[in-house]
$ cat entry.cif   # mmCIF, C-alpha atoms
data_work
loop_
_atom_site.label_atom_id
_atom_site.label_comp_id
_atom_site.auth_asym_id
_atom_site.auth_seq_id
_atom_site.Cartn_x
_atom_site.Cartn_y
_atom_site.Cartn_z
CA VAL A 1 -9.36 -2.98 85.63
CA ASN A 2 -12.28 -1.41 83.71
CA PHE A 3 -15.96 -2.37 84.06
CA ASP A 4 -19.11 -1.82 82.03
CA ASP A 5 -20.91 -1.65 85.39
CA ALA A 6 -19.16 -2.74 88.58
CA THR A 7 -22.47 -3.51 90.35
CA ARG A 8 -23.83 -5.93 87.74
CA PRO A 9 -22.44 -9.42 87.09
CA ARG A 10 -21.81 -10.92 83.64
CA LEU A 11 -21.01 -7.63 81.95
CA THR A 12 -17.62 -6.89 80.43
CA ALA A 13 -14.63 -6.65 82.74
CA MET A 14 -11.42 -5.57 81.01
CA ILE A 15 -8.19 -6.45 82.81
CA GLY A 16 -5.05 -4.83 81.43
CA LEU A 17 -1.53 -5.81 82.48
CA GLY A 18 1.12 -3.19 81.80
CA GLU A 19 4.87 -3.54 81.56
CA PRO A 20 6.44 -4.21 84.98
CA LEU A 21 8.59 -1.52 86.58
CA LEU A 22 11.83 -2.77 88.11
CA LEU A 23 12.76 -0.90 91.29
CA LYS A 24 16.41 -1.63 90.70
CA ASP A 25 16.27 0.75 87.72
CA TYR A 26 15.54 3.59 90.14
CA LEU A 27 18.32 2.78 92.61
CA PRO A 28 20.99 5.04 91.04
CA LEU A 29 18.62 8.03 91.14
CA TYR A 30 17.48 7.04 94.65
CA HIS A 31 21.05 7.12 95.95
CA GLU A 32 21.52 10.50 94.30
CA ASN A 33 18.20 12.08 95.34
CA LYS A 34 15.50 10.12 97.18
CA ALA A 35 12.71 12.62 96.49
CA ARG A 36 13.40 12.72 92.74
CA ALA A 37 13.50 8.92 92.56
CA ILE A 38 10.16 8.56 94.34
CA ASN A 39 8.55 11.27 92.19
CA GLN A 40 9.87 9.63 89.02
CA LEU A 41 8.52 6.25 90.12
CA ILE A 42 5.10 7.77 90.81
CA LYS A 43 5.08 9.43 87.37
CA ASP A 44 6.03 6.18 85.63
CA VAL A 45 3.40 4.19 87.55
CA SER A 46 0.76 6.80 86.73
CA ALA A 47 1.69 6.77 83.04
CA GLY A 48 1.60 2.95 82.96
CA ILE A 49 -1.81 2.82 84.62
CA ARG A 50 -3.22 5.47 82.30
CA GLU A 51 -2.34 3.31 79.29
CA ASN A 52 -4.63 0.58 80.63
CA ILE A 53 -7.65 2.57 81.81
CA ILE A 54 -10.33 4.82 80.37
CA HIS A 55 -9.17 8.27 81.46
CA LEU A 56 -10.83 11.68 81.50
CA ASN A 57 -8.94 14.90 82.09
CA GLU A 58 -12.03 16.57 83.57
CA VAL A 59 -13.97 13.82 85.31
CA ALA A 60 -16.48 16.09 87.07
CA ASN A 61 -17.46 17.81 83.81
CA ASP A 62 -17.23 14.99 81.29
CA GLU A 63 -18.04 11.74 83.11
CA GLU A 64 -21.76 11.83 82.36
CA LEU A 65 -21.11 12.54 78.67
CA LEU A 66 -18.67 9.63 78.42
CA GLU A 67 -21.03 7.20 80.16
CA GLN A 68 -23.86 8.18 77.83
CA TRP A 69 -21.68 7.89 74.75
CA LEU A 70 -20.42 4.51 75.94
CA THR A 71 -24.04 3.37 76.19
CA LEU A 72 -24.61 4.26 72.54
CA TYR A 73 -21.26 2.81 71.49
CA ARG A 74 -21.85 -0.52 73.26
CA ASN A 75 -25.29 -0.81 71.68
CA GLU A 76 -23.72 -0.13 68.28
CA LYS A 77 -21.04 -2.78 68.85
CA PRO A 78 -22.39 -5.25 71.43
CA THR A 79 -19.94 -7.68 73.03
CA LEU A 80 -20.47 -11.29 71.96
CA LYS A 81 -21.55 -13.71 74.71
CA LEU A 82 -19.00 -16.26 73.55
CA PRO A 83 -16.20 -16.76 74.14
CA ILE A 84 -16.60 -15.84 77.81
CA PHE A 85 -12.88 -15.04 78.09
CA LYS A 86 -10.79 -13.42 75.35
CA VAL A 87 -7.20 -12.18 75.28
CA SER A 88 -7.63 -8.93 73.35
CA ASP A 89 -7.35 -5.21 74.00
CA THR A 90 -9.66 -4.24 71.11
CA VAL A 91 -12.65 -3.18 73.25
CA LEU A 92 -10.50 -1.26 75.73
CA LYS A 93 -8.61 0.58 72.98
CA GLN A 94 -11.85 1.52 71.23
CA GLU A 95 -13.36 2.91 74.42
CA GLN A 96 -10.10 4.70 75.20
CA ARG A 97 -10.33 6.43 71.81
CA LEU A 98 -13.75 7.68 72.85
CA SER A 99 -12.48 9.16 76.13
CA ASP A 100 -9.39 10.59 74.39
CA TYR A 101 -11.65 12.24 71.83
CA ILE A 102 -13.71 13.87 74.59
CA ASN A 103 -10.49 15.08 76.22
CA THR A 104 -9.43 16.84 73.02
CA MET A 105 -12.79 18.22 71.84
CA PRO A 106 -13.03 22.01 71.49
CA THR A 107 -15.05 23.49 74.36
CA THR A 108 -17.86 24.82 72.15
CA GLU A 109 -18.30 21.53 70.30
CA LYS A 110 -18.21 19.59 73.56
CA GLU A 111 -20.92 21.75 75.11
CA GLN A 112 -23.11 21.26 72.04
CA ALA A 113 -22.55 17.51 72.27
CA LYS A 114 -23.43 17.53 75.97
CA GLN A 115 -26.65 19.42 75.27
CA ALA A 116 -27.71 17.09 72.46
CA THR A 117 -26.84 13.96 74.44
CA SER A 118 -28.53 15.18 77.62
CA THR A 119 -31.70 16.06 75.70
CA TYR A 120 -31.78 12.62 74.08
CA PHE A 121 -31.40 10.74 77.35
CA GLN A 122 -34.00 12.95 79.04
CA GLN A 123 -36.43 12.10 76.23
CA LEU A 124 -35.67 8.41 76.71
CA ALA A 125 -36.43 8.70 80.42
CA GLN A 126 -39.66 10.58 79.78
CA ASN A 127 -40.83 7.85 77.40
CA ASN A 128 -39.65 5.08 79.77
CA VAL A 129 -37.38 3.47 77.19
CA SER A 130 -33.64 2.91 76.84
CA ASP A 131 -31.27 3.54 73.96
CA LEU A 132 -31.38 -0.16 73.10
CA ALA A 133 -35.10 0.16 72.30
CA ILE A 134 -34.31 2.83 69.71
CA LYS A 135 -31.37 0.95 68.23
CA LYS A 136 -32.91 -2.53 67.74
CA GLU A 137 -36.11 -4.28 66.69
CA THR A 138 -37.59 -7.44 68.20
CA SER A 139 -38.64 -10.61 66.42
CA PRO A 140 -41.88 -12.49 67.29
CA TYR A 141 -40.00 -15.79 67.03
CA TRP A 142 -38.14 -15.01 70.24
CA MET A 143 -41.41 -15.26 72.18
CA ILE A 144 -41.84 -18.85 70.97
CA LEU A 145 -38.34 -19.73 72.21
CA TYR A 146 -39.03 -18.10 75.59
CA ILE A 147 -42.26 -20.10 76.01
CA LEU A 148 -40.57 -23.40 75.06
CA GLY A 149 -37.70 -22.80 77.45
CA ALA A 150 -39.74 -21.56 80.40
CA ILE A 151 -40.24 -24.87 82.26
CA PRO A 152 -36.62 -26.21 82.30
CA ILE A 153 -35.33 -22.71 82.99
CA PHE A 154 -37.74 -22.33 85.92
CA VAL A 155 -36.48 -25.64 87.35
CA GLY A 156 -32.90 -24.39 87.02
CA PHE A 157 -33.83 -21.17 88.79
CA LEU A 158 -35.46 -22.99 91.72
CA LEU A 159 -32.45 -25.28 92.16
CA ASN A 160 -29.92 -22.43 92.18
CA PHE A 161 -31.56 -19.23 93.36
CA PHE A 162 -30.94 -19.64 97.12
CA PRO A 163 -27.11 -19.33 97.09
CA ALA A 164 -27.28 -16.44 94.61
CA LEU A 165 -29.96 -14.65 96.65
CA VAL A 166 -27.96 -14.95 99.88
CA GLY A 167 -24.79 -13.72 98.15
CA LEU A 168 -26.52 -10.67 96.68
CA THR A 169 -28.30 -9.85 99.95
CA ILE A 170 -25.10 -9.93 102.01
CA ALA A 171 -23.19 -7.92 99.40
CA LYS A 172 -25.87 -5.21 99.34
CA LYS A 173 -25.75 -4.88 103.13
CA LYS A 174 -22.01 -5.18 103.76
CA VAL A 175 -20.11 -3.94 100.71
CA LYS A 176 -19.35 -0.21 100.68
CA LYS A 177 -17.23 0.08 97.52
CA ILE A 178 -18.95 -0.81 94.25
CA GLN A 179 -15.88 -2.51 92.76
CA TYR A 180 -16.15 -5.20 95.45
CA PHE A 181 -19.89 -5.82 95.14
CA VAL A 182 -19.89 -8.51 92.44
CA PRO A 183 -16.76 -10.36 93.72
CA VAL A 184 -18.21 -10.59 97.24
CA ALA A 185 -21.64 -11.69 96.00
CA TRP A 186 -20.06 -14.26 93.66
CA GLY A 187 -17.71 -15.57 96.37
CA ILE A 188 -20.48 -16.08 98.91
CA SER A 189 -22.75 -17.71 96.31
CA SER A 190 -19.95 -20.07 95.23
CA VAL A 191 -19.28 -21.19 98.81
CA LEU A 192 -22.98 -21.79 99.39
CA HIS A 193 -23.21 -23.74 96.13
CA LEU A 194 -20.36 -25.96 97.34
CA ILE A 195 -22.11 -26.53 100.68
CA CYS A 196 -25.31 -27.45 98.85
CA VAL A 197 -23.39 -29.93 96.67
CA ILE A 198 -21.90 -31.56 99.79
CA LEU A 199 -25.36 -31.82 101.37
CA LEU A 200 -26.75 -33.37 98.19
CA PHE A 201 -23.89 -35.86 98.25
CA PHE A 202 -24.83 -37.07 101.73
CA ILE A 203 -28.51 -37.25 100.72
CA ALA A 204 -27.48 -39.30 97.67
CA ILE A 205 -25.54 -41.71 99.91
CA ILE A 206 -28.73 -42.34 101.87
CA LEU A 207 -31.06 -42.65 98.88
CA LEU A 208 -28.95 -44.51 96.33
CA PRO A 209 -28.62 -48.27 96.97
CA THR A 210 -24.95 -48.77 96.06
CA THR A 211 -21.73 -46.82 95.67
CA LYS A 212 -21.74 -47.72 91.96
CA TRP A 213 -24.98 -45.83 91.37
CA LEU A 214 -23.68 -42.95 93.46
CA LEU A 215 -20.54 -42.60 91.35
CA ILE A 216 -22.52 -42.81 88.11
CA PHE A 217 -25.49 -40.58 88.80
CA PHE A 218 -24.33 -37.99 91.32
CA PRO A 219 -21.84 -36.17 89.03
CA ILE A 220 -24.44 -36.18 86.24
CA ILE A 221 -27.14 -34.75 88.50
CA ILE A 222 -24.83 -31.99 89.77
CA GLN A 223 -23.81 -31.03 86.24
CA ILE A 224 -27.45 -30.88 85.16
CA ILE A 225 -28.36 -28.68 88.14
CA LEU A 226 -25.47 -26.27 87.54
CA MET A 227 -26.09 -26.15 83.78
CA LEU A 228 -29.78 -25.40 84.29
CA GLY A 229 -28.79 -22.68 86.73
CA TYR A 230 -26.44 -21.12 84.18
CA LEU A 231 -29.06 -21.35 81.43
CA SER A 232 -31.62 -19.70 83.72
CA ILE A 233 -29.27 -16.69 84.04
CA VAL A 234 -28.79 -16.50 80.27
CA TYR A 235 -32.55 -16.87 79.76
CA TYR A 236 -33.33 -14.09 82.23
CA GLU A 237 -30.78 -11.73 80.67
CA SER A 238 -32.11 -12.43 77.19
CA TRP A 239 -35.70 -11.97 78.36
CA GLN A 240 -34.87 -8.63 79.97
CA THR A 241 -33.13 -7.46 76.79
CA TRP A 242 -36.11 -8.55 74.68
CA ARG A 243 -38.51 -6.66 76.95
CA THR A 244 -36.30 -3.58 76.82
CA ILE A 245 -36.20 -3.62 73.02
CA ARG A 246 -39.92 -4.35 72.75
CA LYS A 247 -40.74 -1.09 74.54
CA GLY A 248 -39.50 0.71 71.44
CA ARG A 249 -42.32 -0.85 69.41
CA GLN A 250 -44.86 0.68 71.80
CA LEU A 251 -43.72 4.22 71.03
CA HIS A 252 -45.71 6.33 68.61
CA HIS A 253 -43.91 6.29 65.25
CA SER A 254 -43.40 10.07 65.31
CA THR A 255 -41.85 9.92 68.80
CA LYS A 256 -39.52 7.11 67.78
CA ALA A 257 -38.55 8.98 64.62
CA VAL A 258 -37.55 12.04 66.68
CA LEU A 259 -35.50 9.88 69.03
CA GLU A 260 -33.80 8.14 66.12
CA THR A 261 -32.89 11.54 64.64
CA GLN A 262 -31.47 12.70 67.98
CA ARG A 263 -29.51 9.47 68.30
CA ASN A 264 -27.98 9.81 64.85
CA GLU A 265 -27.02 13.42 65.63
CA ILE A 266 -25.10 12.23 68.71
CA LEU A 267 -23.46 9.39 66.81
CA SER A 268 -22.23 11.89 64.21
CA TYR A 269 -19.82 13.24 66.84
CA PHE A 270 -17.93 9.98 67.26
CA ARG A 271 -19.10 7.63 64.49
CA HIS A 272 -15.65 7.88 62.89
CA LEU A 273 -14.24 6.17 66.00
CA ILE A 274 -16.49 3.11 65.79
#

$ encode --input "entry.cif" --output "structure tokens"
Amino acid sequence: VNFDDATRPRLTAMIGLGEPLLLKDYLPLYHENKARAINQLIKDVSAGIRENIIHLNEVANDEELLEQWLTLYRNEKPTLKLPIFKVSDTVLKQEQRLSDYINTMPTTEKEQAKQATSTYFQQLAQNNVSDLAIKKETSPYWMILYILGAIPIFVGFLLNFFPALVGLTIAKKKVKKIQYFVPVAWGISSVLHLICVILLFFIAIILLPTTKWLLIFFPIIIQIILMLGYLSIVYYESWQTWRTIRKGRQLHHSTKAVLETQRNEILSYFRHLI
């Protein structure tokens, strides 16, 4: 399992399933030499896992470089919002090529790349912008769409924020390993959403005059509430992205030009992989 960011929901999660290993294939070697059989099994499992993950030979030295390059790469080739689920290994294989390239870079070239990349990201931090603000431009028409959608989206937020807030709060306090943060928060929020739906059902029984009206309107109301909740998440994500990109327009043109030059210099190291 590979994540864009294990602490943030609705980013890309890549799940790879390798070829199964049959223990019966190791039985002859196990009967001959138990230690060799176990060692061979461990090697085969390790090799199978490595084919389905983004791997670095020198994690301590190269992890920051890879994360920074992945940021640029993902902004160059953003993942489409739809479809939500896709059976494809394209993204994983592309990001694996990036990590494999870092693993095989000559030491001198790698150090130069680290220096250039580190300088670029330090400049971004000093100017309080992200790489996305240098890569993209905003359109004024988006502001019109945000204004038009504000009221229904706000309603959706109010109707759905409580379960999500409780889930995130509990996950922040209780979860120690980052890979479990989003699943725990999502699980708790889902259970609370179900409880809220059950409560609404009993309220509807009291308020609606007949079972007929209950069967007609209750499913529609629940679908509207959940859809507005989902749209409020999409709206918020889009709004945050728009604000992030808009910060680039506030930079002095000379500052942005320098950052664009630095960015292109970094991309020259791995543009052939994109």

$ closest_atom_pairs --input "entry.cif" --of "range 96-176 of chain A" --to "range 71-81 of chain A" --cutoff "8 Å" --atoms "all atoms listed in the file" --output "JSON lines"
{"residue": "A:Asp131", "atom": "CA", "partner": "A:Leu72", "partner_atom": "CA", "distance": 6.8}
{"residue": "A:Leu132", "atom": "CA", "partner": "A:Asn75", "partner_atom": "CA", "distance": 6.3}
{"residue": "A:Lys135", "atom": "CA", "partner": "A:Asn75", "partner_atom": "CA", "distance": 7.2}

$ resolve_selection --input "entry.cif" --expression "the PyMOL selection byres ((chain A and resi 140-155) around 7)" --output "VMD selection string"
chain A and resid 138 to 139 156 to 159 228 231 to 232

$ write_last_selection --input "entry.cif" --atoms "C-alpha atoms" --output "PDB file, in the frame of the given file"
ATOM      1  CA  THR A 138     -37.590  -7.440  68.200  1.00  0.00           C
ATOM      2  CA  SER A 139     -38.640 -10.610  66.420  1.00  0.00           C
ATOM      3  CA  GLY A 156     -32.900 -24.390  87.020  1.00  0.00           C
ATOM      4  CA  PHE A 157     -33.830 -21.170  88.790  1.00  0.00           C
ATOM      5  CA  LEU A 158     -35.460 -22.990  91.720  1.00  0.00           C
ATOM      6  CA  LEU A 159     -32.450 -25.280  92.160  1.00  0.00           C
ATOM      7  CA  LEU A 228     -29.780 -25.400  84.290  1.00  0.00           C
ATOM      8  CA  LEU A 231     -29.060 -21.350  81.430  1.00  0.00           C
ATOM      9  CA  SER A 232     -31.620 -19.700  83.720  1.00  0.00           C
TER      10      SER A 232
END

$ resolve_selection --input "entry.cif" --expression "the PyMOL selection byres ((chain A and resi 269) around 12)" --output "PyMOL selection string"
chain A and resi 65+69+72-73+98+101-102+105+109-114+116-117+262-268+270-274

$ write_last_selection --input "entry.cif" --atoms "C-alpha atoms" --output "JSON list (two decimals), keeping the file's coordinate frame"
[["chain", "number", "residue", "atom", "x", "y", "z"],
["A", 65, "LEU", "CA", -21.11, 12.54, 78.67],
["A", 69, "TRP", "CA", -21.68, 7.89, 74.75],
["A", 72, "LEU", "CA", -24.61, 4.26, 72.54],
["A", 73, "TYR", "CA", -21.26, 2.81, 71.49],
["A", 98, "LEU", "CA", -13.75, 7.68, 72.85],
["A", 101, "TYR", "CA", -11.65, 12.24, 71.83],
["A", 102, "ILE", "CA", -13.71, 13.87, 74.59],
["A", 105, "MET", "CA", -12.79, 18.22, 71.84],
["A", 109, "GLU", "CA", -18.30, 21.53, 70.30],
["A", 110, "LYS", "CA", -18.21, 19.59, 73.56],
["A", 111, "GLU", "CA", -20.92, 21.75, 75.11],
["A", 112, "GLN", "CA", -23.11, 21.26, 72.04],
["A", 113, "ALA", "CA", -22.55, 17.51, 72.27],
["A", 114, "LYS", "CA", -23.43, 17.53, 75.97],
["A", 116, "ALA", "CA", -27.71, 17.09, 72.46],
["A", 117, "THR", "CA", -26.84, 13.96, 74.44],
["A", 262, "GLN", "CA", -31.47, 12.70, 67.98],
["A", 263, "ARG", "CA", -29.51, 9.47, 68.30],
["A", 264, "ASN", "CA", -27.98, 9.81, 64.85],
["A", 265, "GLU", "CA", -27.02, 13.42, 65.63],
["A", 266, "ILE", "CA", -25.10, 12.23, 68.71],
["A", 267, "LEU", "CA", -23.46, 9.39, 66.81],
["A", 268, "SER", "CA", -22.23, 11.89, 64.21],
["A", 270, "PHE", "CA", -17.93, 9.98, 67.26],
["A", 271, "ARG", "CA", -19.10, 7.63, 64.49],
["A", 272, "HIS", "CA", -15.65, 7.88, 62.89],
["A", 273, "LEU", "CA", -14.24, 6.17, 66.00],
["A", 274, "ILE", "CA", -16.49, 3.11, 65.79]]

$ residues_around --input "entry.cif" --residues "range 20-32 of chain A" --least-positions-apart "5" --cutoff "10 Å" --atoms "only C-alpha atoms" --output "ChimeraX atom specification"
/A:37-38,40-41,44-45,48

$ resolve_selection --input "entry.cif" --expression "the PyMOL selection byres ((chain A and resi 244) around 8)" --output "PyMOL selection string"
chain A and resi 129-130+132-133+240-243+245-248

$ atom_distance --input "entry.cif" --atom1 "CA of Val59 in chain A" --atom2 "CA of Lys86 in chain A"
29.2 Å

$ atom_distance --input "entry.cif" --atom1 "CA of Ala185 in chain A" --atom2 "CA of Leu168 in chain A"
5.0 Å

$ closest_residue --input "entry.cif" --among "A:Trp239, A:Tyr180, A:Phe202, A:Trp186" --to "Leu165 in chain A" --atoms "only C-alpha atoms"
A:Trp186

$ axis_aligned_box --input "entry.cif" --around "range 107-118 of chain A" --padding-each-side "3 Å" --output "lines of an AutoDock Vina configuration file"
center_x = -21.8
center_y = 19.4
center_z = 74.0
size_x = 19.5
size_y = 16.9
size_z = 13.3

$ closest_residue --input "entry.cif" --among "A:Met14, A:Ile170, A:Ile53, A:Leu200" --to "Ser88 in chain A" --atoms "only C-alpha atoms"
A:Met14

$ residues_near_point --input "entry.cif" --point "(-25.9, -37.7, 93.2)" --cutoff "10 Å" --atoms "all atoms listed in the file" --output "short mmCIF file (atom, residue, chain, number, x, y, z; two decimals) with C-alpha atoms, in the coordinates of the input"
data_model
loop_
_atom_site.label_atom_id
_atom_site.label_comp_id
_atom_site.auth_asym_id
_atom_site.auth_seq_id
_atom_site.Cartn_x
_atom_site.Cartn_y
_atom_site.Cartn_z
CA VAL A 197 -23.39 -29.93 96.67
CA ILE A 198 -21.90 -31.56 99.79
CA LEU A 200 -26.75 -33.37 98.19
CA PHE A 201 -23.89 -35.86 98.25
CA PHE A 202 -24.83 -37.07 101.73
CA ILE A 203 -28.51 -37.25 100.72
CA ALA A 204 -27.48 -39.30 97.67
CA ILE A 205 -25.54 -41.71 99.91
CA LEU A 207 -31.06 -42.65 98.88
CA LEU A 208 -28.95 -44.51 96.33
CA TRP A 213 -24.98 -45.83 91.37
CA LEU A 214 -23.68 -42.95 93.46
CA LEU A 215 -20.54 -42.60 91.35
CA ILE A 216 -22.52 -42.81 88.11
CA PHE A 217 -25.49 -40.58 88.80
CA PHE A 218 -24.33 -37.99 91.32
CA PRO A 219 -21.84 -36.17 89.03
CA ILE A 220 -24.44 -36.18 86.24
CA ILE A 221 -27.14 -34.75 88.50
CA ILE A 222 -24.83 -31.99 89.77
CA GLN A 223 -23.81 -31.03 86.24
#

$ atom_distance --input "entry.cif" --atom1 "CA of Gln123 in chain A" --atom2 "CA of Val258 in chain A"
9.6 Å

$ closest_residue --input "entry.cif" --among "A:Pro83, A:Gly18, A:Gly167, A:Gly229" --to "Ser190 in chain A" --atoms "only C-alpha atoms"
A:Gly167

$ closest_residue --input "entry.cif" --among "A:Pro163, A:Gln179, A:Ile84, A:Met227" --to "Ile195 in chain A" --atoms "only C-alpha atoms"
A:Pro163

$ closest_residue --input "entry.cif" --among "A:Asn39, A:Phe85, A:Ile134, A:Leu226" --to "Ala257 in chain A" --atoms "only C-alpha atoms"
A:Ile134

$ closest_residue --input "entry.cif" --among "A:Ile15, A:Leu192, A:Ile178, A:Ala164" --to "Thr90 in chain A" --atoms "all atoms listed in the file"
A:Ile15

$ build_atoms --input "entry.cif" --residues "range 258-271 of chain A" --atoms "N, CA, C and O atoms" --output "mmCIF file, keeping the file's coordinate frame"
data_model
loop_
_atom_site.group_PDB
_atom_site.id
_atom_site.type_symbol
_atom_site.label_atom_id
_atom_site.label_comp_id
_atom_site.auth_asym_id
_atom_site.auth_seq_id
_atom_site.Cartn_x
_atom_site.Cartn_y
_atom_site.Cartn_z
ATOM 1 N N VAL A 258 -38.282 10.919 66.078
ATOM 2 C CA VAL A 258 -37.550 12.040 66.680
ATOM 3 C C VAL A 258 -36.350 11.513 67.467
ATOM 4 O O VAL A 258 -35.236 12.052 67.373
ATOM 5 N N LEU A 259 -36.582 10.457 68.240
ATOM 6 C CA LEU A 259 -35.500 9.880 69.030
ATOM 7 C C LEU A 259 -34.398 9.306 68.138
ATOM 8 O O LEU A 259 -33.211 9.423 68.448
ATOM 9 N N GLU A 260 -34.792 8.676 67.048
ATOM 10 C CA GLU A 260 -33.800 8.140 66.120
ATOM 11 C C GLU A 260 -32.963 9.260 65.508
ATOM 12 O O GLU A 260 -31.745 9.119 65.324
ATOM 13 N N THR A 261 -33.609 10.386 65.185
ATOM 14 C CA THR A 261 -32.890 11.540 64.640
ATOM 15 C C THR A 261 -31.902 12.096 65.661
ATOM 16 O O THR A 261 -30.746 12.404 65.329
ATOM 17 N N GLN A 262 -32.352 12.210 66.916
ATOM 18 C CA GLN A 262 -31.470 12.700 67.980
ATOM 19 C C GLN A 262 -30.288 11.753 68.183
ATOM 20 O O GLN A 262 -29.148 12.196 68.372
ATOM 21 N N ARG A 263 -30.573 10.474 68.113
ATOM 22 C CA ARG A 263 -29.510 9.470 68.300
ATOM 23 C C ARG A 263 -28.463 9.580 67.198
ATOM 24 O O ARG A 263 -27.255 9.528 67.454
ATOM 25 N N ASN A 264 -28.912 9.701 65.967
ATOM 26 C CA ASN A 264 -27.980 9.810 64.850
ATOM 27 C C ASN A 264 -27.159 11.098 64.932
ATOM 28 O O ASN A 264 -25.986 11.115 64.536
ATOM 29 N N GLU A 265 -27.764 12.165 65.453
ATOM 30 C CA GLU A 265 -27.020 13.420 65.630
ATOM 31 C C GLU A 265 -25.878 13.224 66.628
ATOM 32 O O GLU A 265 -24.758 13.707 66.410
ATOM 33 N N ILE A 266 -26.148 12.497 67.713
ATOM 34 C CA ILE A 266 -25.100 12.230 68.710
ATOM 35 C C ILE A 266 -24.021 11.341 68.120
ATOM 36 O O ILE A 266 -22.825 11.591 68.298
ATOM 37 N N LEU A 267 -24.437 10.302 67.400
ATOM 38 C CA LEU A 267 -23.460 9.390 66.810
ATOM 39 C C LEU A 267 -22.544 10.096 65.821
ATOM 40 O O LEU A 267 -21.397 9.683 65.616
ATOM 41 N N SER A 268 -23.043 11.171 65.191
ATOM 42 C CA SER A 268 -22.230 11.890 64.210
ATOM 43 C C SER A 268 -20.965 12.484 64.857
ATOM 44 O O SER A 268 -19.985 12.723 64.146
ATOM 45 N N TYR A 269 -20.995 12.706 66.172
ATOM 46 C CA TYR A 269 -19.820 13.240 66.840
ATOM 47 C C TYR A 269 -18.681 12.234 66.891
ATOM 48 O O TYR A 269 -17.506 12.618 66.825
ATOM 49 N N PHE A 270 -19.018 10.955 67.054
ATOM 50 C CA PHE A 270 -17.930 9.980 67.260
ATOM 51 C C PHE A 270 -18.077 8.732 66.383
ATOM 52 O O PHE A 270 -17.388 7.736 66.602
ATOM 53 N N ARG A 271 -18.929 8.792 65.355
ATOM 54 C CA ARG A 271 -19.100 7.630 64.490
ATOM 55 C C ARG A 271 -17.799 7.206 63.815
ATOM 56 O O ARG A 271 -17.558 6.022 63.562
#
